[in-house]
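Pasted below: run.csv, CSV, C-alpha atoms and all ligand atoms.
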```
chain,number,residue,atom,x,y,z
A,15,MET,CA,33.7,33.8,39.1
A,16,ALA,CA,35.0,32.5,35.8
A,17,PRO,CA,38.6,33.5,35.0
A,18,MET,CA,39.0,36.5,32.6
A,19,LEU,CA,42.0,34.9,30.9
A,20,LEU,CA,41.3,32.0,28.7
A,21,PRO,CA,43.7,29.4,27.3
A,22,LEU,CA,44.7,29.8,23.7
A,23,LEU,CA,47.0,27.7,21.7
A,24,LEU,CA,49.7,29.8,20.1
A,25,ALA,CA,52.8,29.1,18.1
A,26,ALA,CA,56.0,31.0,18.4
A,27,SER,CA,57.7,31.7,15.1
A,28,ALA,CA,60.2,29.0,14.3
A,29,ALA,CA,63.2,29.9,16.5
A,30,HIS,CA,65.0,26.7,15.7
A,31,ALA,CA,68.6,26.0,16.4
A,32,SER,CA,69.3,25.9,12.6
A,33,SER,CA,67.5,29.2,12.0
A,34,PRO,CA,68.1,30.5,8.5
A,35,ARG,CA,68.9,33.9,10.1
A,36,LYS,CA,72.2,32.5,11.2
A,37,ARG,CA,73.3,32.0,7.6
A,38,SER,CA,71.6,35.0,6.0
A,39,THR,CA,73.5,37.9,4.3
A,40,THR,CA,72.7,41.3,3.0
A,41,ASP,CA,75.7,41.2,0.6
A,42,PRO,CA,74.5,40.3,-2.9
A,43,THR,CA,78.1,39.5,-4.0
A,44,GLN,CA,77.9,36.3,-1.9
A,45,LEU,CA,75.3,35.0,-4.4
A,46,SER,CA,76.5,36.6,-7.5
A,47,GLY,CA,78.0,34.1,-10.0
A,48,LYS,CA,77.1,31.1,-7.9
A,49,THR,CA,74.7,28.3,-8.9
A,50,PHE,CA,72.2,26.5,-6.7
A,51,ASP,CA,70.0,23.5,-7.3
A,52,PHE,CA,67.0,25.4,-6.0
A,53,VAL,CA,66.5,29.2,-5.6
A,54,VAL,CA,63.4,30.0,-3.5
A,55,VAL,CA,62.1,33.6,-4.2
A,56,GLY,CA,60.5,34.9,-1.1
A,57,GLY,CA,61.4,34.0,2.5
A,58,GLY,CA,57.9,33.8,3.8
A,59,THR,CA,55.9,31.1,5.4
A,60,ALA,CA,55.7,28.9,2.3
A,61,GLY,CA,59.1,29.7,0.9
A,62,LEU,CA,61.0,29.0,4.2
A,63,ALA,CA,59.2,25.8,4.9
A,64,LEU,CA,59.9,24.6,1.4
A,65,ALA,CA,63.6,25.7,1.6
A,66,GLY,CA,64.0,24.1,5.0
A,67,ARG,CA,62.7,20.8,3.9
A,68,LEU,CA,64.8,20.9,0.7
A,69,ALA,CA,67.9,21.7,2.8
A,70,GLU,CA,67.3,18.5,4.8
A,71,TRP,CA,68.8,16.8,1.7
A,72,THR,CA,72.6,17.3,2.1
A,73,ASN,CA,73.2,16.4,-1.6
A,74,ILE,CA,71.6,19.7,-2.9
A,75,THR,CA,72.2,23.4,-2.5
A,76,VAL,CA,69.4,25.9,-1.7
A,77,ALA,CA,69.3,29.7,-1.7
A,78,VAL,CA,66.4,31.9,-0.5
A,79,ILE,CA,66.0,35.5,-1.7
A,80,GLU,CA,64.0,37.8,0.5
A,81,ALA,CA,63.2,41.5,-0.2
A,82,GLY,CA,63.0,42.5,3.5
A,83,GLY,CA,65.5,42.2,6.3
A,84,ASP,CA,66.2,39.3,8.6
A,85,GLY,CA,64.1,40.8,11.4
A,86,THR,CA,66.9,40.5,14.1
A,87,ASP,CA,66.3,44.1,15.3
A,88,VAL,CA,62.6,43.3,15.9
A,89,ARG,CA,63.1,39.7,17.0
A,90,ASP,CA,60.9,39.9,20.1
A,91,GLN,CA,57.9,41.3,18.2
A,92,ILE,CA,58.2,38.3,15.8
A,93,THR,CA,59.1,35.4,18.2
A,94,VAL,CA,57.2,36.3,21.4
A,95,PRO,CA,53.6,35.2,20.8
A,96,GLY,CA,52.0,37.8,23.1
A,97,MET,CA,54.0,40.7,21.5
A,98,SER,CA,53.5,39.5,17.9
A,99,TYR,CA,49.7,39.5,18.6
A,100,LEU,CA,49.4,42.7,20.7
A,101,ASN,CA,52.5,44.8,19.5
A,102,GLY,CA,53.1,43.4,16.0
A,103,LEU,CA,54.8,44.8,12.9
A,104,THR,CA,51.7,45.7,10.9
A,105,LYS,CA,52.0,49.3,9.4
A,106,THR,CA,55.8,49.4,10.0
A,107,ALA,CA,58.7,49.2,7.6
A,108,TYR,CA,58.2,45.4,7.8
A,109,ASP,CA,54.8,45.6,6.1
A,110,TRP,CA,54.4,46.0,2.3
A,111,ALA,CA,51.1,47.7,3.4
A,112,TYR,CA,49.1,47.1,0.3
A,113,SER,CA,45.6,48.5,-0.3
A,114,THR,CA,43.0,46.7,-2.4
A,115,THR,CA,41.2,48.4,-5.3
A,116,PRO,CA,38.0,50.0,-4.1
A,117,GLN,CA,35.5,47.2,-3.2
A,118,PRO,CA,31.9,47.6,-4.5
A,119,ASN,CA,30.7,45.4,-1.6
A,120,ALA,CA,32.6,47.5,1.0
A,121,GLY,CA,30.9,50.8,0.2
A,122,GLY,CA,33.5,51.5,-2.6
A,123,ASN,CA,36.3,51.7,-0.1
A,124,PRO,CA,39.8,50.3,-0.6
A,125,LEU,CA,40.9,47.9,2.2
A,126,SER,CA,44.2,47.7,4.1
A,127,TRP,CA,46.1,44.5,3.0
A,128,PRO,CA,49.1,43.9,5.2
A,129,ARG,CA,51.9,41.6,3.9
A,130,GLY,CA,55.1,40.8,5.7
A,131,LYS,CA,58.4,42.3,4.2
A,132,VAL,CA,60.9,40.4,6.4
A,133,LEU,CA,62.2,36.9,6.8
A,134,GLY,CA,59.2,34.9,7.9
A,135,GLY,CA,56.8,36.9,5.7
A,136,SER,CA,53.3,37.6,6.8
A,137,SER,CA,53.6,35.1,9.6
A,138,ALA,CA,56.3,37.4,11.1
A,139,ILE,CA,53.9,40.3,11.3
A,140,ASN,CA,50.8,38.4,12.4
A,141,GLY,CA,49.7,36.8,15.7
A,142,GLY,CA,51.1,33.3,16.1
A,143,PHE,CA,48.0,31.1,16.3
A,144,TRP,CA,48.5,27.3,15.7
A,145,CYS,CA,45.3,25.9,14.4
A,146,ARG,CA,44.4,22.8,12.5
A,147,GLY,CA,41.3,21.9,10.6
A,148,SER,CA,39.3,18.8,11.6
A,149,GLN,CA,39.7,15.3,10.1
A,150,PRO,CA,36.5,15.5,7.9
A,151,GLU,CA,37.8,18.7,6.4
A,152,TYR,CA,41.1,17.3,5.3
A,153,ASP,CA,39.4,14.1,4.1
A,154,ALA,CA,37.0,16.2,2.0
A,155,TRP,CA,40.0,17.7,0.2
A,156,ASN,CA,41.1,14.2,-0.7
A,157,THR,CA,37.5,13.2,-1.8
A,158,LEU,CA,37.2,16.3,-4.0
A,159,GLN,CA,40.0,15.1,-6.2
A,160,ASN,CA,38.0,12.0,-7.2
A,161,GLY,CA,40.9,9.6,-6.7
A,162,ALA,CA,43.5,11.6,-8.7
A,163,THR,CA,47.1,10.5,-8.3
A,164,GLY,CA,48.4,11.8,-5.0
A,165,ALA,CA,45.0,12.8,-3.7
A,166,GLU,CA,45.7,10.9,-0.5
A,167,ASP,CA,48.5,13.4,0.2
A,168,TRP,CA,45.7,15.9,1.1
A,169,GLY,CA,43.7,13.6,3.4
A,170,TRP,CA,43.9,13.6,7.2
A,171,THR,CA,46.5,10.8,7.6
A,172,ARG,CA,49.2,12.4,5.4
A,173,MET,CA,48.3,16.0,6.5
A,174,GLN,CA,48.4,15.2,10.2
A,175,ALA,CA,51.8,13.6,9.8
A,176,SER,CA,53.1,16.8,8.1
A,177,ILE,CA,51.5,19.0,10.7
A,178,LYS,CA,53.1,17.0,13.5
A,179,LYS,CA,56.5,17.1,11.8
A,180,ALA,CA,56.3,20.9,11.9
A,181,GLU,CA,55.5,21.1,15.6
A,182,THR,CA,57.2,21.0,18.9
A,183,PHE,CA,54.5,21.0,21.5
A,184,THR,CA,54.9,21.9,25.2
A,185,PRO,CA,51.9,21.0,27.4
A,186,MET,CA,50.5,23.4,30.0
A,187,ASN,CA,51.7,22.7,33.5
A,188,ASP,CA,49.5,20.4,35.6
A,189,ALA,CA,48.2,23.1,38.0
A,190,ASP,CA,47.0,25.5,35.2
A,191,ALA,CA,45.6,22.6,33.2
A,192,ALA,CA,43.5,21.6,36.1
A,193,ARG,CA,42.4,25.1,36.8
A,194,PHE,CA,41.3,25.8,33.2
A,195,SER,CA,40.1,22.3,32.4
A,196,VAL,CA,42.6,22.0,29.5
A,197,GLN,CA,43.3,18.6,28.1
A,198,HIS,CA,45.5,17.5,25.3
A,199,GLU,CA,46.4,14.3,23.5
A,200,SER,CA,50.2,13.8,23.3
A,201,ASP,CA,49.7,11.6,20.2
A,202,ALA,CA,48.2,14.4,18.3
A,203,HIS,CA,51.2,16.7,18.6
A,204,GLY,CA,54.7,16.9,17.3
A,205,THR,CA,57.8,16.8,19.5
A,206,ASP,CA,60.7,18.1,17.3
A,207,GLY,CA,59.4,20.4,14.6
A,208,ALA,CA,60.6,23.9,13.9
A,209,SER,CA,57.4,25.6,15.2
A,210,PHE,CA,57.0,25.7,19.0
A,211,SER,CA,53.4,25.6,20.3
A,212,SER,CA,51.9,25.6,23.7
A,213,PHE,CA,48.8,26.9,25.6
A,214,GLN,CA,49.0,30.6,26.4
A,215,PHE,CA,46.7,33.0,28.1
A,216,VAL,CA,45.5,36.0,26.1
A,217,ALA,CA,42.8,38.4,27.5
A,218,GLY,CA,39.8,39.1,25.3
A,219,CYS,CA,40.1,36.2,22.9
A,220,ARG,CA,37.0,34.4,24.0
A,221,ASN,CA,35.5,34.1,20.5
A,222,VAL,CA,38.8,33.0,19.0
A,223,VAL,CA,39.0,30.3,21.6
A,224,ARG,CA,35.5,29.2,21.0
A,225,ARG,CA,36.1,28.9,17.2
A,226,ASN,CA,39.2,26.9,17.8
A,227,GLU,CA,38.0,24.8,20.8
A,228,TYR,CA,38.9,21.5,19.0
A,229,ASN,CA,42.6,22.6,19.2
A,230,LEU,CA,42.4,22.8,22.9
A,231,LEU,CA,41.2,19.2,23.1
A,232,GLY,CA,43.4,17.9,20.2
B,1,LIG,C1,69.3,13.6,-2.9
B,1,LIG,O1,69.0,12.7,-1.8
B,1,LIG,C2,67.6,12.4,-1.7
B,1,LIG,C3,67.3,11.6,-0.4
B,1,LIG,O2,68.3,10.6,-0.3
B,1,LIG,C4,67.2,11.6,-3.0
B,1,LIG,O3,65.9,11.2,-3.0
B,1,LIG,C5,67.5,12.5,-4.2
B,1,LIG,O4,67.2,11.8,-5.4
B,1,LIG,C6,68.9,13.0,-4.2
B,1,LIG,N1,69.0,14.0,-5.3
B,1,LIG,C7,70.1,14.1,-6.0
B,1,LIG,C8,70.0,15.2,-7.0
B,1,LIG,O5,71.0,13.3,-6.0
```
I'd like the structure from this file rewritten - as structure tokens, please.
Amino acid sequence: MAPMLLPLLLAASAAHASSPRKRSTTDPTQLSGKTFDFVVVGGGTAGLALAGRLAEWTNITVAVIEAGGDGTDVRDQITVPGMSYLNGLTKTAYDWAYSTTPQPNAGGNPLSWPRGKVLGGSSAINGGFWCRGSQPEYDAWNTLQNGATGAEDWGWTRMQASIKKAETFTPMNDADAARFSVQHESDAHGTDGASFSSFQFVAGCRNVVRRNEYNLLG
């Protein structure tokens, strides 16, 4: 009988040694009157990635301002992939919990619109899936710009390099890989990025796995 649990590639939230949480403060006087080369407003997925890359330059100063807390008190629900998926922070104090205006094409109903209010942003209140598009999709972004300056930054070659830079991949152990016929290509994965990814088993995700099958092979 086929196993009920299927392999799924998940990413833990960045729990890197140089985690910004270690240098965070809730005391506004620590920023008051100081100047920085860059102030990033919003410590979500985009803001923290940008601030983290800027901070790799030791000749500049960077500050991040975030409306929510640092998430230390709910750390497991953010960093443990299974918990963030099955017991996440949606509809808690860490969720801005927006509603849309009533939608004509949804029977006039407003829709729930969760957004993370915590360091890590909406990625901190969402399941941690690590997915990539395929090479033709990234190359299509490049082509759509008709040779504009920097267009190649959006093509596969540059994008894949950035995706690998963000990832630390841990392969599945040999016994489980054989049991579930999981293969991976080491060259396609990063080894020292801030986001940790691996294969995990999550019940009831058959459709998600099907849609993302190329990740299991890539
Ligand atoms: C900081 O260092 C980077 C990398 O060496 C360099 O590209 C950049 O121009 C420097 N910025 C300033 C403000 O000195």
Check the smallest atom-to-atom distance from each of A:His203, A:Ala63, A:Thr115, A:Glu70 to ligand LIG 1 (chain B) using only C-alpha atoms and all ligand atoms, then report the winner.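 Closest to ligand LIG 1 (chain B), using only C-alpha atoms and all ligand atoms: A:Glu70.
Among the candidates A:Val76, A:Ala60, A:Leu125, A:Leu45, the residue lying nearest to ligand LIG 1 (chain B) is A:Val76 (atoms considered: only C-alpha atoms and all ligand atoms).
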Near Tyr108 of chain A, within 6 Å and counting all atoms listed in the file, which residues show up once chain neighbours fewer than 3 positions away are dropped, as a list in words? Gly130, Lys131 and Val132 of chain A
Name the residues, by chain letter and number, that sit within 12 Å of ligand LIG 1 (chain B) using only C-alpha atoms and all ligand atoms, and give them as JSON, numbers by chain. {"A": [50, 51, 52, 67, 68, 69, 70, 71, 72, 73, 74, 75, 76]}
Applying 10 Å and only C-alpha atoms, which residues near Ser98 of chain A remain after dropping the ones on its own chain fewer than 4 positions away? List them as number ranges by chain. A: 26-27, 89-94, 102-104, 137-142
Work out how far atom CA of Gly83 of chain A is from atom CA of Val55 of chain A, in Å to one decimal. 14.0 Å
Atom CA of Val54 of chain A to atom CA of Gly164 of chain A, distance in Å rounded to a single decimal: 23.6 Å
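For the pair atom CA of Trp168 of chain A and atom CA of Trp155 of chain A, the separation is 6.0 Å.
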Find, counting only C-alpha atoms, the residue in A:Thr182, A:Ser136, A:Thr163, A:Gln174 that gets nearest to Gly58 of chain A.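 The closest residue to Gly58 of chain A is A:Ser136.
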Residue with smallest distance to Tyr152 of chain A - pool A:Leu133, A:Met173, A:Val78, A:Ala202, counting all atoms listed in the file: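 Looking only at the distances to Tyr152 of chain A, the closest residue turns out to be A:Met173.
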Build an axis-aligned box that encloses every atom of segment 197-214 of chain A listed in the file, pad it by 6 Å on each side, and report its centre and edge lengths in Å to one decimal, as AutoDock Vina command-line options.
```
--center_x 52.0 --center_y 21.1 --center_z 21.0 --size_x 29.4 --size_y 31.0 --size_z 26.2
```
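With distances restricted to all atoms listed in the file, A:Pro128 is the closest residue to Ser113 of chain A from A:Leu64, A:Leu100, A:Pro185, A:Pro128.
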So, with all atoms listed in the file as the atoms that count, which of A:Thr205, A:Lys179, A:Ser212, A:Thr59 lies closest to Ala191 of chain A? A:Ser212
Is it possible to produce a file of segment 84-159 of chain A from this structure, with C-alpha atoms, as an mmCIF file, in the first residue's frame?
```cif
data_model
loop_
_atom_site.group_PDB
_atom_site.id
_atom_site.type_symbol
_atom_site.label_atom_id
_atom_site.label_comp_id
_atom_site.auth_asym_id
_atom_site.auth_seq_id
_atom_site.Cartn_x
_atom_site.Cartn_y
_atom_site.Cartn_z
ATOM 1 C CA ASP A 84 10.193 39.906 17.808
ATOM 2 C CA GLY A 85 8.254 36.621 18.084
ATOM 3 C CA THR A 86 10.506 35.067 20.724
ATOM 4 C CA ASP A 87 7.515 33.983 22.822
ATOM 5 C CA VAL A 88 6.033 32.041 19.863
ATOM 6 C CA ARG A 89 9.329 30.944 18.370
ATOM 7 C CA ASP A 90 8.336 27.296 17.812
ATOM 8 C CA GLN A 91 5.195 28.276 15.903
ATOM 9 C CA ILE A 92 7.390 30.352 13.593
ATOM 10 C CA THR A 93 10.512 28.212 13.184
ATOM 11 C CA VAL A 94 9.239 24.606 13.368
ATOM 12 C CA PRO A 95 7.843 23.938 9.869
ATOM 13 C CA GLY A 96 5.176 21.454 10.996
ATOM 14 C CA MET A 97 3.896 23.810 13.696
ATOM 15 C CA SER A 98 3.912 26.887 11.502
ATOM 16 C CA TYR A 99 1.804 24.963 9.002
ATOM 17 C CA LEU A 100 -0.625 23.186 11.333
ATOM 18 C CA ASN A 101 -0.602 25.463 14.411
ATOM 19 C CA GLY A 102 0.387 28.834 13.020
ATOM 20 C CA LEU A 103 -0.257 32.379 14.163
ATOM 21 C CA THR A 104 -3.108 33.353 11.844
ATOM 22 C CA LYS A 105 -5.957 35.079 13.760
ATOM 23 C CA THR A 106 -3.749 35.761 16.784
ATOM 24 C CA ALA A 107 -2.240 39.021 18.045
ATOM 25 C CA TYR A 108 0.566 38.420 15.467
ATOM 26 C CA ASP A 109 -1.877 38.846 12.588
ATOM 27 C CA TRP A 110 -3.045 42.271 11.321
ATOM 28 C CA ALA A 111 -6.202 40.289 10.370
ATOM 29 C CA TYR A 112 -7.361 42.538 7.549
ATOM 30 C CA SER A 113 -10.611 42.051 5.648
ATOM 31 C CA THR A 114 -11.068 43.014 2.031
ATOM 32 C CA THR A 115 -13.904 45.215 0.864
ATOM 33 C CA PRO A 116 -16.946 43.113 -0.178
ATOM 34 C CA GLN A 117 -16.046 41.307 -3.395
ATOM 35 C CA PRO A 118 -18.665 41.322 -6.192
ATOM 36 C CA ASN A 119 -17.254 38.047 -7.546
ATOM 37 C CA ALA A 120 -17.367 36.339 -4.131
ATOM 38 C CA GLY A 121 -21.108 36.822 -3.537
ATOM 39 C CA GLY A 122 -20.558 40.336 -2.150
ATOM 40 C CA ASN A 123 -18.617 38.939 0.824
ATOM 41 C CA PRO A 124 -15.501 40.434 2.392
ATOM 42 C CA LEU A 125 -12.579 37.999 2.577
ATOM 43 C CA SER A 126 -10.172 37.379 5.429
ATOM 44 C CA TRP A 127 -6.693 38.773 4.593
ATOM 45 C CA PRO A 128 -4.063 37.658 7.138
ATOM 46 C CA ARG A 129 -0.799 39.673 7.313
ATOM 47 C CA GLY A 130 1.988 39.019 9.809
ATOM 48 C CA LYS A 131 2.524 41.564 12.596
ATOM 49 C CA VAL A 132 5.836 40.250 13.945
ATOM 50 C CA LEU A 133 9.471 40.135 12.926
ATOM 51 C CA GLY A 134 9.405 37.872 9.856
ATOM 52 C CA GLY A 135 6.136 39.329 8.594
ATOM 53 C CA SER A 136 3.608 37.159 6.825
ATOM 54 C CA SER A 137 6.227 34.435 6.365
ATOM 55 C CA ALA A 138 6.218 34.068 10.169
ATOM 56 C CA ILE A 139 2.481 33.313 10.271
ATOM 57 C CA ASN A 140 2.412 31.105 7.194
ATOM 58 C CA GLY A 141 3.503 27.552 6.438
ATOM 59 C CA GLY A 142 7.147 27.396 5.407
ATOM 60 C CA PHE A 143 7.129 26.046 1.863
ATOM 61 C CA TRP A 144 10.281 26.453 -0.184
ATOM 62 C CA CYS A 145 9.280 26.560 -3.841
ATOM 63 C CA ARG A 146 10.935 27.751 -7.011
ATOM 64 C CA GLY A 147 9.512 28.425 -10.423
ATOM 65 C CA SER A 148 10.944 26.639 -13.441
ATOM 66 C CA GLN A 149 13.690 27.922 -15.721
ATOM 67 C CA PRO A 150 11.326 28.959 -18.592
ATOM 68 C CA GLU A 151 9.246 31.055 -16.168
ATOM 69 C CA TYR A 152 12.234 33.090 -14.952
ATOM 70 C CA ASP A 153 13.569 33.435 -18.482
ATOM 71 C CA ALA A 154 10.144 34.708 -19.569
ATOM 72 C CA TRP A 155 10.454 37.578 -17.039
ATOM 73 C CA ASN A 156 13.737 38.462 -18.674
ATOM 74 C CA THR A 157 12.258 38.288 -22.206
ATOM 75 C CA LEU A 158 9.221 40.407 -21.240
ATOM 76 C CA GLN A 159 11.520 43.357 -20.631
#
```
